[in-house]
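Participant: Contents are TSV, C-alpha atoms; file name data-v9.tsv:
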chain	number	residue	atom	x	y	z
A	1	MET	CA	-93.66	35.94	89.46
A	2	ILE	CA	-91.04	38.46	88.27
A	3	ILE	CA	-89.99	40.34	91.40
A	4	GLU	CA	-88.99	43.96	90.92
A	5	PRO	CA	-88.29	46.72	93.45
A	6	LYS	CA	-91.35	48.76	94.36
A	7	ILE	CA	-90.37	51.91	96.23
A	8	ARG	CA	-92.82	54.09	98.10
A	9	GLY	CA	-91.17	57.08	99.71
A	10	PHE	CA	-88.23	55.71	101.69
A	11	ILE	CA	-89.68	52.17	101.82
A	12	CYS	CA	-89.13	49.28	99.41
A	13	THR	CA	-92.23	47.08	99.66
A	14	THR	CA	-90.76	44.06	97.85
A	15	ALA	CA	-87.72	41.85	98.39
A	16	HIS	CA	-86.02	39.30	96.15
A	17	PRO	CA	-85.37	35.90	97.78
A	18	THR	CA	-82.47	34.92	95.53
A	19	GLY	CA	-80.98	38.40	95.77
A	20	CYS	CA	-81.25	38.45	99.57
A	21	ALA	CA	-79.49	35.09	99.72
A	22	ALA	CA	-76.75	36.44	97.45
A	23	ASN	CA	-76.35	39.48	99.71
A	24	VAL	CA	-75.99	37.23	102.78
A	25	GLN	CA	-73.39	35.13	100.94
A	26	ARG	CA	-71.51	38.27	99.90
A	27	GLN	CA	-71.13	39.25	103.55
A	28	ILE	CA	-70.14	35.74	104.60
A	29	ASP	CA	-67.45	35.73	101.90
A	30	HIS	CA	-66.05	39.03	103.19
A	31	VAL	CA	-65.52	37.53	106.64
A	32	VAL	CA	-64.25	34.13	105.52
A	33	VAL	CA	-61.67	35.60	103.16
A	34	LYS	CA	-60.20	37.67	106.00
A	35	GLY	CA	-59.73	34.57	108.17
A	36	PRO	CA	-60.71	33.59	111.72
A	37	VAL	CA	-61.64	36.17	114.34
A	38	GLU	CA	-60.18	35.59	117.78
A	39	SER	CA	-63.05	35.43	120.25
A	40	GLY	CA	-64.07	33.44	123.29
A	41	ARG	CA	-67.70	34.40	122.71
A	42	LYS	CA	-69.07	31.23	121.15
A	43	ARG	CA	-72.75	31.42	122.20
A	44	VAL	CA	-74.38	34.55	120.86
A	45	LEU	CA	-77.82	36.15	121.02
A	46	VAL	CA	-78.51	38.84	118.39
A	47	LEU	CA	-81.61	41.00	118.96
A	48	GLY	CA	-82.52	42.53	115.62
A	49	CYS	CA	-80.66	39.89	113.63
A	50	SER	CA	-82.15	40.10	110.16
A	51	THR	CA	-80.67	43.17	108.48
A	52	GLY	CA	-77.97	45.81	108.77
A	53	TYR	CA	-75.62	45.72	111.73
A	54	GLY	CA	-77.53	42.92	113.47
A	55	LEU	CA	-77.23	40.56	110.50
A	56	ALA	CA	-73.58	41.51	110.09
A	57	SER	CA	-72.99	40.68	113.77
A	58	ARG	CA	-74.53	37.26	113.34
A	59	ILE	CA	-72.41	36.60	110.26
A	60	VAL	CA	-69.13	37.77	111.80
A	61	THR	CA	-69.59	35.82	115.04
A	62	THR	CA	-70.62	32.66	113.18
A	63	PHE	CA	-68.28	32.61	110.19
A	64	GLY	CA	-65.43	34.53	111.79
A	65	ALA	CA	-65.45	33.37	115.40
A	66	GLY	CA	-67.18	29.99	115.01
A	67	ALA	CA	-70.12	30.89	117.27
A	68	ASP	CA	-73.55	29.31	117.58
A	69	THR	CA	-76.38	31.85	117.56
A	70	VAL	CA	-79.97	32.57	118.43
A	71	GLY	CA	-81.45	35.55	116.62
A	72	VAL	CA	-84.63	37.57	117.14
A	73	SER	CA	-86.39	39.77	114.59
A	74	PHE	CA	-89.85	40.88	113.48
A	75	GLU	CA	-90.64	39.84	109.91
A	76	LYS	CA	-93.37	39.58	107.30
A	77	GLU	CA	-93.90	36.13	105.79
A	78	PRO	CA	-94.39	35.65	102.03
A	79	THR	CA	-97.55	34.52	100.30
A	80	GLU	CA	-98.07	33.03	96.87
A	81	ILE	CA	-98.39	36.52	95.40
A	82	LYS	CA	-96.47	38.77	97.82
A	83	THR	CA	-92.85	38.76	98.88
A	84	ALA	CA	-91.68	38.47	102.45
A	85	SER	CA	-89.69	41.19	104.16
A	86	ALA	CA	-86.01	41.17	103.25
A	87	GLY	CA	-85.22	40.09	106.80
A	88	TRP	CA	-87.37	36.96	106.45
A	89	TYR	CA	-85.29	35.88	103.46
A	90	ASN	CA	-82.03	36.93	105.14
A	91	ASN	CA	-82.78	34.85	108.23
A	92	ARG	CA	-83.37	31.71	106.21
A	93	ALA	CA	-80.39	32.25	103.96
A	94	PHE	CA	-78.19	32.75	107.01
A	95	GLU	CA	-79.56	29.67	108.82
A	96	LYS	CA	-79.05	27.48	105.76
A	97	ARG	CA	-75.42	28.52	105.39
A	98	ALA	CA	-74.62	28.47	109.11
A	99	ARG	CA	-75.97	24.94	109.52
A	100	ALA	CA	-74.06	23.80	106.44
A	101	ALA	CA	-70.93	25.10	108.21
A	102	GLY	CA	-71.76	23.00	111.27
A	103	ARG	CA	-73.04	25.82	113.43
A	104	ILE	CA	-76.26	26.10	115.42
A	105	ALA	CA	-78.53	28.85	114.07
A	106	VAL	CA	-82.01	29.35	115.52
A	107	THR	CA	-84.25	32.33	114.79
A	108	VAL	CA	-87.22	33.58	116.80
A	109	GLU	CA	-89.53	35.86	114.82
A	110	GLY	CA	-91.85	38.21	116.64
A	111	ASP	CA	-92.04	41.42	118.68
A	112	ALA	CA	-88.78	41.56	120.62
A	113	PHE	CA	-90.29	44.17	122.96
A	114	SER	CA	-92.86	41.66	124.24
A	115	ASP	CA	-92.54	39.40	127.28
A	116	ALA	CA	-93.75	36.45	125.18
A	117	ILE	CA	-90.84	36.68	122.72
A	118	LYS	CA	-88.38	37.14	125.57
A	119	ALA	CA	-89.72	33.94	127.14
A	120	GLU	CA	-89.61	32.05	123.83
A	121	THR	CA	-86.03	33.21	123.25
A	122	VAL	CA	-84.99	32.04	126.72
A	123	GLY	CA	-86.44	28.63	125.87
A	124	GLN	CA	-84.50	28.45	122.60
A	125	ILE	CA	-81.27	29.43	124.37
A	126	ARG	CA	-81.78	26.75	127.01
A	127	GLU	CA	-82.49	24.10	124.38
A	128	HIS	CA	-79.78	24.93	121.87
A	129	LEU	CA	-77.00	26.92	123.58
A	130	GLY	CA	-77.49	26.44	127.32
A	131	GLN	CA	-76.29	29.98	128.01
A	132	VAL	CA	-75.05	32.97	126.02
A	133	ASP	CA	-71.80	34.84	126.55
A	134	LEU	CA	-72.57	37.66	124.11
A	135	VAL	CA	-75.81	39.60	123.64
A	136	VAL	CA	-75.96	42.04	120.71
A	137	TYR	CA	-78.83	44.55	120.84
A	138	SER	CA	-79.48	45.98	117.38
A	139	LEU	CA	-83.22	46.60	117.29
A	140	ALA	CA	-84.59	49.40	115.09
A	141	SER	CA	-88.29	50.14	115.35
A	142	PRO	CA	-90.39	53.31	115.31
A	143	VAL	CA	-93.00	51.83	117.68
A	144	ARG	CA	-92.85	49.99	120.99
A	145	THR	CA	-95.56	48.58	123.21
A	146	ASP	CA	-94.62	48.65	126.89
A	147	PRO	CA	-94.97	45.02	128.02
A	148	LYS	CA	-95.95	46.05	131.54
A	149	THR	CA	-98.60	48.71	130.81
A	150	GLY	CA	-99.65	47.93	127.24
A	151	GLU	CA	-99.13	51.58	126.27
A	152	VAL	CA	-97.95	52.14	122.69
A	153	TYR	CA	-95.12	54.62	122.16
A	154	ARG	CA	-94.14	56.12	118.79
A	155	SER	CA	-90.81	57.78	118.19
A	156	ALA	CA	-90.59	61.26	116.68
A	157	ILE	CA	-87.41	62.29	114.88
A	158	LYS	CA	-87.35	66.00	115.63
A	159	PRO	CA	-85.05	68.68	117.06
A	160	MET	CA	-85.39	69.82	120.66
A	161	ASN	CA	-86.43	73.29	121.86
A	162	ALA	CA	-86.36	75.14	118.53
A	163	ALA	CA	-87.06	74.56	114.84
A	164	VAL	CA	-84.13	73.58	112.65
A	165	LYS	CA	-83.53	74.63	109.05
A	166	SER	CA	-81.17	72.55	106.94
A	167	LYS	CA	-80.64	70.93	103.58
A	168	THR	CA	-82.21	67.60	102.75
A	169	LEU	CA	-82.29	65.23	99.79
A	170	ASN	CA	-85.07	63.47	97.93
A	171	THR	CA	-83.19	60.28	97.05
A	172	GLY	CA	-85.78	59.40	94.40
A	173	THR	CA	-85.54	62.62	92.37
A	174	GLY	CA	-82.07	63.78	93.39
A	175	GLU	CA	-83.42	67.17	94.45
A	176	VAL	CA	-81.64	69.04	97.23
A	177	SER	CA	-83.92	71.43	99.10
A	178	GLU	CA	-84.27	73.36	102.32
A	179	VAL	CA	-86.36	71.85	105.08
A	180	GLU	CA	-87.61	73.31	108.35
A	181	ILE	CA	-88.31	70.80	111.09
A	182	GLN	CA	-90.42	71.86	114.03
A	183	PRO	CA	-89.28	70.98	117.56
A	184	ALA	CA	-90.66	68.00	119.43
A	185	MET	CA	-93.21	68.37	122.17
A	186	ALA	CA	-92.20	67.00	125.57
A	187	GLU	CA	-94.34	63.89	125.19
A	188	GLU	CA	-92.81	63.16	121.77
A	189	ALA	CA	-89.31	63.33	123.22
A	190	GLU	CA	-90.32	61.05	126.09
A	191	ALA	CA	-91.90	58.56	123.70
A	192	THR	CA	-88.75	58.48	121.56
A	193	VAL	CA	-86.69	57.58	124.62
A	194	LYS	CA	-89.19	54.82	125.47
A	195	VAL	CA	-88.85	53.36	121.97
A	196	MET	CA	-85.17	53.88	121.21
A	197	GLY	CA	-83.58	54.28	124.63
A	198	GLY	CA	-82.10	51.67	126.93
A	199	GLU	CA	-85.16	50.42	128.82
A	200	ASP	CA	-85.82	47.37	126.63
A	201	TRP	CA	-82.10	46.50	126.61
A	202	GLU	CA	-82.20	46.41	130.41
A	203	LEU	CA	-85.38	44.31	130.35
A	204	TRP	CA	-83.71	41.77	128.07
A	205	ILE	CA	-80.64	41.48	130.29
A	206	ALA	CA	-82.83	41.16	133.38
A	207	ALA	CA	-84.97	38.45	131.76
A	208	LEU	CA	-81.92	36.49	130.61
A	209	ALA	CA	-80.25	36.81	134.01
A	210	GLU	CA	-83.38	35.76	135.90
A	211	ALA	CA	-83.70	32.71	133.65
A	212	GLY	CA	-80.09	31.74	134.29
A	213	VAL	CA	-79.07	31.80	130.62
A	214	LEU	CA	-76.41	34.52	130.90
A	215	ALA	CA	-72.94	33.00	131.21
A	216	ASP	CA	-70.52	34.29	133.82
A	217	GLY	CA	-68.47	37.09	132.34
A	218	PHE	CA	-70.94	37.75	129.53
A	219	THR	CA	-70.77	40.89	127.40
A	220	THR	CA	-73.62	42.84	125.85
A	221	LEU	CA	-73.28	45.39	123.04
A	222	ASN	CA	-75.79	48.04	121.98
A	223	TYR	CA	-75.22	49.83	118.69
A	224	THR	CA	-75.64	53.57	118.37
A	225	TYR	CA	-74.83	56.45	116.04
A	226	LEU	CA	-73.49	59.78	117.24
A	227	GLY	CA	-72.67	61.50	113.96
A	228	SER	CA	-70.90	64.72	113.11
A	229	GLU	CA	-71.80	68.34	113.76
A	230	LEU	CA	-73.48	68.46	110.34
A	231	THR	CA	-76.25	66.12	111.55
A	232	TRP	CA	-76.32	67.09	115.22
A	233	PRO	CA	-79.27	69.54	115.05
A	234	ILE	CA	-81.65	66.79	113.89
A	235	TYR	CA	-79.84	63.81	115.39
A	236	HIS	CA	-77.45	64.07	118.33
A	237	LYS	CA	-79.08	67.21	119.79
A	238	GLY	CA	-82.62	66.11	118.92
A	239	THR	CA	-85.03	63.50	120.23
A	240	LEU	CA	-82.84	60.72	118.84
A	241	GLY	CA	-79.90	62.07	120.81
A	242	SER	CA	-81.95	61.93	124.00
A	243	ALA	CA	-82.76	58.30	123.29
A	244	LYS	CA	-79.14	57.50	122.54
A	245	ALA	CA	-78.03	59.19	125.78
A	246	ASP	CA	-80.38	56.84	127.60
A	247	LEU	CA	-78.35	53.94	126.20
A	248	ASP	CA	-75.34	55.26	128.13
A	249	ARG	CA	-77.47	55.33	131.28
A	250	ALA	CA	-78.62	51.75	130.69
A	251	ALA	CA	-75.09	50.55	129.99
A	252	GLY	CA	-73.95	52.06	133.27
A	253	ALA	CA	-76.76	50.32	135.14
A	254	ILE	CA	-75.85	46.95	133.59
A	255	ARG	CA	-72.17	47.45	134.43
A	256	ALA	CA	-73.05	48.37	138.01
A	257	GLN	CA	-74.77	44.99	138.37
A	258	PHE	CA	-72.56	42.71	136.30
A	259	GLY	CA	-69.12	44.35	136.08
A	260	ASP	CA	-67.14	46.90	134.08
A	261	ALA	CA	-66.74	44.71	130.99
A	262	SER	CA	-70.36	43.54	130.84
A	263	ALA	CA	-71.91	46.30	128.72
A	264	TYR	CA	-70.68	48.57	125.95
A	265	VAL	CA	-72.47	51.11	123.80
A	266	VAL	CA	-70.79	50.82	120.41
A	267	ALA	CA	-70.77	53.93	118.20
A	268	LEU	CA	-70.85	52.98	114.52
A	269	LYS	CA	-70.62	54.99	111.30
A	270	ALA	CA	-73.45	56.18	109.10
A	271	VAL	CA	-74.53	53.54	106.59
A	272	VAL	CA	-77.43	53.16	104.19
A	273	THR	CA	-80.41	51.59	105.95
A	274	GLN	CA	-84.16	51.88	105.58
A	275	ALA	CA	-84.34	53.52	109.00
A	276	SER	CA	-81.73	56.18	108.21
A	277	SER	CA	-83.42	56.97	104.90
A	278	ALA	CA	-86.43	58.25	106.83
A	279	ILE	CA	-84.47	60.86	108.80
A	280	PRO	CA	-84.37	64.37	107.28
A	281	VAL	CA	-80.86	65.63	106.41
A	282	VAL	CA	-79.23	62.22	107.02
A	283	PRO	CA	-79.57	60.82	103.44
A	284	LEU	CA	-77.90	63.93	102.03
A	285	TYR	CA	-75.08	63.61	104.55
A	286	GLY	CA	-74.86	59.90	103.72
A	287	THR	CA	-74.54	60.35	99.96
A	288	MET	CA	-71.70	62.80	100.48
A	289	LEU	CA	-70.03	60.59	103.10
A	290	LEU	CA	-70.01	57.65	100.68
A	291	GLN	CA	-67.99	59.61	98.14
A	292	VAL	CA	-65.65	61.27	100.63
A	293	MET	CA	-64.74	58.06	102.46
A	294	ASP	CA	-64.39	56.08	99.24
A	295	ASP	CA	-62.10	58.78	97.83
A	296	MET	CA	-59.93	58.43	100.95
A	297	GLY	CA	-59.95	54.62	100.85
A	298	LEU	CA	-61.98	54.43	104.07
A	299	GLY	CA	-65.32	53.21	102.74
A	300	GLU	CA	-67.15	50.72	104.98
A	301	GLY	CA	-70.61	49.17	104.96
A	302	CYS	CA	-72.25	47.16	107.73
A	303	ILE	CA	-70.21	43.99	107.29
A	304	GLU	CA	-66.91	45.88	107.12
A	305	GLN	CA	-67.74	47.86	110.27
A	306	ILE	CA	-68.79	44.84	112.32
A	307	ASP	CA	-65.86	42.77	111.09
A	308	ARG	CA	-63.52	45.55	112.27
A	309	LEU	CA	-65.39	45.75	115.57
A	310	PHE	CA	-64.85	42.07	116.38
A	311	ARG	CA	-61.51	41.63	114.63
A	312	VAL	CA	-59.86	44.76	116.08
A	313	LYS	CA	-61.86	46.88	118.51
A	314	LEU	CA	-63.05	44.12	120.85
A	315	GLN	CA	-59.61	42.58	121.18
A	316	ALA	CA	-57.92	43.21	124.53
A	317	PRO	CA	-57.13	45.78	125.72
A	318	VAL	CA	-60.43	47.37	124.70
A	319	ALA	CA	-60.06	51.13	124.15
A	320	LEU	CA	-63.02	53.24	125.31
A	321	ASP	CA	-63.89	56.93	125.14
A	322	GLU	CA	-64.64	59.15	128.12
A	323	ALA	CA	-68.28	57.95	128.16
A	324	HIS	CA	-67.17	54.29	128.26
A	325	ARG	CA	-68.28	53.83	124.64
A	326	LEU	CA	-66.48	51.67	122.11
A	327	ARG	CA	-65.87	53.73	118.96
A	328	VAL	CA	-65.94	52.27	115.45
A	329	ASP	CA	-67.01	55.61	113.96
A	330	ASP	CA	-63.42	56.81	114.23
A	331	TRP	CA	-62.82	56.86	110.47
A	332	GLU	CA	-66.01	58.80	109.73
A	333	LEU	CA	-65.26	61.35	112.43
A	334	SER	CA	-61.57	61.69	111.62
A	335	LYS	CA	-60.38	65.24	110.99
A	336	ALA	CA	-59.59	64.58	107.33
A	337	VAL	CA	-63.05	63.21	106.56
A	338	GLN	CA	-64.97	65.82	108.52
A	339	ASP	CA	-62.93	68.73	107.18
A	340	GLU	CA	-63.83	67.63	103.66
A	341	MET	CA	-67.48	67.05	104.60
A	342	THR	CA	-67.63	70.53	106.13
A	343	ARG	CA	-66.06	72.06	103.02
A	344	ARG	CA	-68.56	70.39	100.68
A	345	TRP	CA	-71.74	70.86	102.71
A	346	PRO	CA	-72.46	74.53	101.88
A	347	LEU	CA	-71.73	73.81	98.20
A	348	LEU	CA	-74.37	71.09	97.92
A	349	SER	CA	-77.30	71.75	95.62
A	350	THR	CA	-79.34	69.81	93.12
A	351	GLU	CA	-76.90	70.95	90.43
A	352	THR	CA	-73.69	70.09	92.32
A	353	LEU	CA	-74.85	66.83	93.90
A	354	GLY	CA	-73.35	64.68	91.13
A	355	ASN	CA	-69.88	66.09	91.75
A	356	LEU	CA	-69.92	66.30	95.55
A	357	ALA	CA	-71.82	63.14	96.54
A	358	ASP	CA	-72.56	59.63	95.27
A	359	LEU	CA	-76.32	59.31	94.93
A	360	GLU	CA	-76.05	56.36	92.55
A	361	LYS	CA	-74.09	54.31	95.09
A	362	TYR	CA	-76.55	55.32	97.81
A	363	ARG	CA	-79.45	54.09	95.66
A	364	ALA	CA	-77.61	50.88	94.79
A	365	GLU	CA	-76.83	50.13	98.44
A	366	PHE	CA	-80.44	50.84	99.41
A	367	LEU	CA	-81.76	48.41	96.80
A	368	ARG	CA	-79.22	45.79	97.85
A	369	LEU	CA	-80.82	45.76	101.31
A	370	PHE	CA	-83.84	44.19	99.62
A	371	GLY	CA	-81.93	41.79	97.40
A	372	PHE	CA	-81.82	43.87	94.22
A	373	GLY	CA	-78.79	44.73	92.11
A	374	LEU	CA	-76.65	41.76	93.18
A	375	SER	CA	-74.31	40.30	90.57
A	376	GLY	CA	-75.06	36.77	89.44
A	377	VAL	CA	-78.81	37.01	90.12
A	378	ASP	CA	-81.24	36.58	87.22
A	379	TYR	CA	-83.82	39.24	87.99
A	380	GLY	CA	-85.80	38.30	84.90
A	381	ALA	CA	-86.41	34.78	86.19
A	382	ASP	CA	-89.81	33.60	87.37
A	383	VAL	CA	-89.50	33.25	91.19
A	384	ASP	CA	-91.79	31.82	93.84
A	385	PRO	CA	-91.80	34.44	96.65
A	386	ARG	CA	-91.97	31.57	99.15
A	387	ASP	CA	-88.55	30.33	98.00
A	388	ILE	CA	-85.86	30.74	100.65
A	389	GLY	CA	-83.04	31.31	98.15
Is it possible to express this structure as structure tokens?
Facilitator:
Amino acid sequence: MIIEPKIRGFICTTAHPTGCAANVQRQIDHVVVKGPVESGRKRVLVLGCSTGYGLASRIVTTFGAGADTVGVSFEKEPTEIKTASAGWYNNRAFEKRARAAGRIAVTVEGDAFSDAIKAETVGQIREHLGQVDLVVYSLASPVRTDPKTGEVYRSAIKPMNAAVKSKTLNTGTGEVSEVEIQPAMAEEAEATVKVMGGEDWELWIAALAEAGVLADGFTTLNYTYLGSELTWPIYHKGTLGSAKADLDRAAGAIRAQFGDASAYVVALKAVVTQASSAIPVVPLYGTMLLQVMDDMGLGEGCIEQIDRLFRVKLQAPVALDEAHRLRVDDWELSKAVQDEMTRRWPLLSTETLGNLADLEKYRAEFLRLFGFGLSGVDYGADVDPRDIG
């Protein structure tokens, strides 16, 4: 079949196997060209390994630091007439290349929130790695089933206490408009913390520790986004902010049990992801950020951010902020970038978007997540969606 992007709202329902493989290779090349990454963390577990920051973490640790990895993600398999999720193709492209480089690469696919997948992952670690000395938590899901009670929680991306009015962007039409977002009810805020907070991170560390597969002196990282004042009303000061604050609580609990260097919340910059595309206000901020940071020579995507994290920020001595977080959002939140973002924000409209932001790059990066728009890929070729690229 000829595989083309099919976009519904903020979701792309197709993925290109050859294009996804090319995107994985592009990220590997970025790391390899920059040379080895100094790291003693050679046995790595990545939770949420198939796209975005999780995939980048698996690539950097494997092809930069020479690590063996186990990854966990929830994916959709292909059929004869339907494509798989992009992550399904990414996982297989990564495994193929990692094994060719002489590294162990094992992927567990299923609901990472469940006890069954935790148990299966422990078994894979025992069999292939023995123990892990780094656990990266990079799960992004709108829904979580509590493994103890069976209750299903759904996150709600809303402000707290009062409605918020702001600008937002329809990335399909390029229209900038005003949006009013009603505040979350108490139960919505609580559910968002259950889905996106630190509880599951703690459950993973507890399960790994109980099974004896955490190495002495291990480190675990959990990725977060704090953002600038322009996005705070819907993000940092909303339900998402409450969930992200719970990550700090969880990190403190892990450190209390395993030591000061055992757990870090890592604040990363805004990048184009399917998850971020669903958040009101954020895509508009993101299109403008792309242009501003590129203009200043500071542009970074997922692979550039994670490469800098491991190549620079995690090298001793590790610099932390007052909340014990590790900051890789420093370029985004620098005074020069934010002053320019603040200057442009009130000027944004449908008519000025082309001059003040980079919607075309945003769209291109979004499509690249699903394997479209990669150089060297014949998108007119007849492709079996079950091909692993």
Participant: I need the residue nearest A:Ala86 from this list: A:His324, A:Lys148, A:His16, A:Arg363. Use all atoms listed in the file for the distance.
Facilitator: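 Checking each of A:His324, A:Lys148, A:His16, A:Arg363 against A:Ala86, counting all atoms listed in the file, the winner is A:His16.
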Participant: Can you pull out every residue within 12 Å of A:Ile117, counting all atoms listed in the file, but drop anything in the same chain fewer than 2 positions away, and send it as number ranges by chain?
Facilitator: A: 47, 71-74, 107-115, 119-124, 147, 204, 207-208
Participant: Which residues are close to A:Gly102, i.e. within 12 Å by only C-alpha atoms, leaving aside same-chain residues fewer than 2 positions away? Reply as a list in words.
Facilitator: Thr62, Phe63, Gly66, Ala67, Asp68, Thr69, Glu95, Lys96, Arg97, Ala98, Arg99, Ala100, Ile104 and Ala105 of chain A
Participant: Atom CA of A:Gly371 and atom CA of A:Pro5, how far apart in Å?
Facilitator: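 Here the two named atoms are 9.0 Å from each other.
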Participant: Taking into account all atoms listed in the file, which residue in the set A:Cys12, A:Leu367, A:Leu314, A:Ile157 is nearest to A:Thr83?
Facilitator: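 Residue with the minimum atom-to-atom distance to A:Thr83: A:Cys12.
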Participant: Record the distance separating atom CA of A:Leu356 and atom CA of A:Asp295, expressed in Å with one decimal.
Facilitator: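 Result for atom CA of A:Leu356 versus atom CA of A:Asp295: 11.1 Å, one decimal.
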Participant: Given the point (-71.3, 68.7, 97.7) in the file's coordinates, find the residues that have an atom at most 12 Å from it, counting all atoms listed in the file, and give them as a ChimeraX atom specification.
Facilitator: /A:167,169,176,284-292,340-359
Participant: Given all atoms listed in the file as the basis, pick out the residue of A:Glu300, A:Asp133, A:Glu151, A:Glu202 nearest to A:Leu214.
Facilitator: A:Asp133
Participant: Using all atoms listed in the file for the distances, tell me which of A:Val318, A:Ile388, A:Val152, A:Val179 is nearest to A:Ile279.
Facilitator: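 Closest to A:Ile279, using all atoms listed in the file: A:Val179.
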Participant: Determine, counting all atoms listed in the file, which protein, DNA and RNA residues have an atom within 10 Å of an atom of stretch 183-195 of chain A; residues of the same chain fewer than 2 positions away are not included. Present the result as a ChimeraX atom specification.
Facilitator: /A:113,139-146,152-164,180-181,197-200,234,238-247
Participant: Would you place a box with edges along x, y and z of the file around all atoms of stretch 155-167 of chain A listed there, add 3 Å to each of its six sides, and report the centre and edge lengths in Å to one decimal, as AutoDock Vina command-line options?
Facilitator:
--center_x -85.7 --center_y 66.5 --center_z 112.7 --size_x 16.2 --size_y 23.4 --size_z 24.3
Participant: So which one's closest to A:Asn170, A:Gly64, A:Pro317, A:Gly9, A:Gly19? Using only C-alpha atoms, please.
Facilitator: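 So, comparing all the options, the nearest one is A:Gly9.
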Participant: Because the input lacks atoms here, generate N, CA, C and O atoms for stretch 152-163 of chain A and report them as a CSV table (one decimal), keeping the file's coordinate frame.
Facilitator:
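What landed in selection_30.csv:
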chain,number,residue,atom,x,y,z
A,152,VAL,N,-98.7,52.1,123.9
A,152,VAL,CA,-98.0,52.1,122.7
A,152,VAL,C,-97.2,53.5,122.6
A,152,VAL,O,-97.8,54.5,122.7
A,153,TYR,N,-95.9,53.4,122.3
A,153,TYR,CA,-95.1,54.6,122.2
A,153,TYR,C,-94.6,54.7,120.7
A,153,TYR,O,-94.2,53.7,120.2
A,154,ARG,N,-94.6,55.9,120.1
A,154,ARG,CA,-94.1,56.1,118.8
A,154,ARG,C,-93.0,57.2,118.8
A,154,ARG,O,-93.2,58.2,119.4
A,155,SER,N,-91.9,56.8,118.2
A,155,SER,CA,-90.8,57.8,118.2
A,155,SER,C,-91.1,58.9,117.2
A,155,SER,O,-91.9,58.8,116.3
A,156,ALA,N,-90.5,60.1,117.5
A,156,ALA,CA,-90.6,61.3,116.7
A,156,ALA,C,-89.2,61.8,116.4
A,156,ALA,O,-88.5,62.2,117.4
A,157,ILE,N,-88.8,61.8,115.2
A,157,ILE,CA,-87.4,62.3,114.9
A,157,ILE,C,-87.5,63.8,114.6
A,157,ILE,O,-87.7,64.2,113.5
A,158,LYS,N,-87.2,64.5,115.7
A,158,LYS,CA,-87.4,66.0,115.6
A,158,LYS,C,-86.3,66.7,116.5
A,158,LYS,O,-85.7,66.0,117.4
A,159,PRO,N,-86.0,67.9,116.2
A,159,PRO,CA,-85.0,68.7,117.1
A,159,PRO,C,-85.7,69.0,118.4
A,159,PRO,O,-86.9,68.8,118.6
A,160,MET,N,-84.9,69.4,119.3
A,160,MET,CA,-85.4,69.8,120.7
A,160,MET,C,-85.4,71.3,120.8
A,160,MET,O,-84.5,72.0,120.2
A,161,ASN,N,-86.4,71.9,121.4
A,161,ASN,CA,-86.4,73.3,121.9
A,161,ASN,C,-86.7,74.3,120.8
A,161,ASN,O,-87.5,75.2,121.0
A,162,ALA,N,-86.1,74.1,119.6
A,162,ALA,CA,-86.4,75.1,118.5
A,162,ALA,C,-86.4,74.5,117.2
A,162,ALA,O,-85.8,73.4,117.0
A,163,ALA,N,-87.0,75.1,116.2
A,163,ALA,CA,-87.1,74.6,114.8
A,163,ALA,C,-85.7,74.6,114.2
A,163,ALA,O,-84.8,75.4,114.6
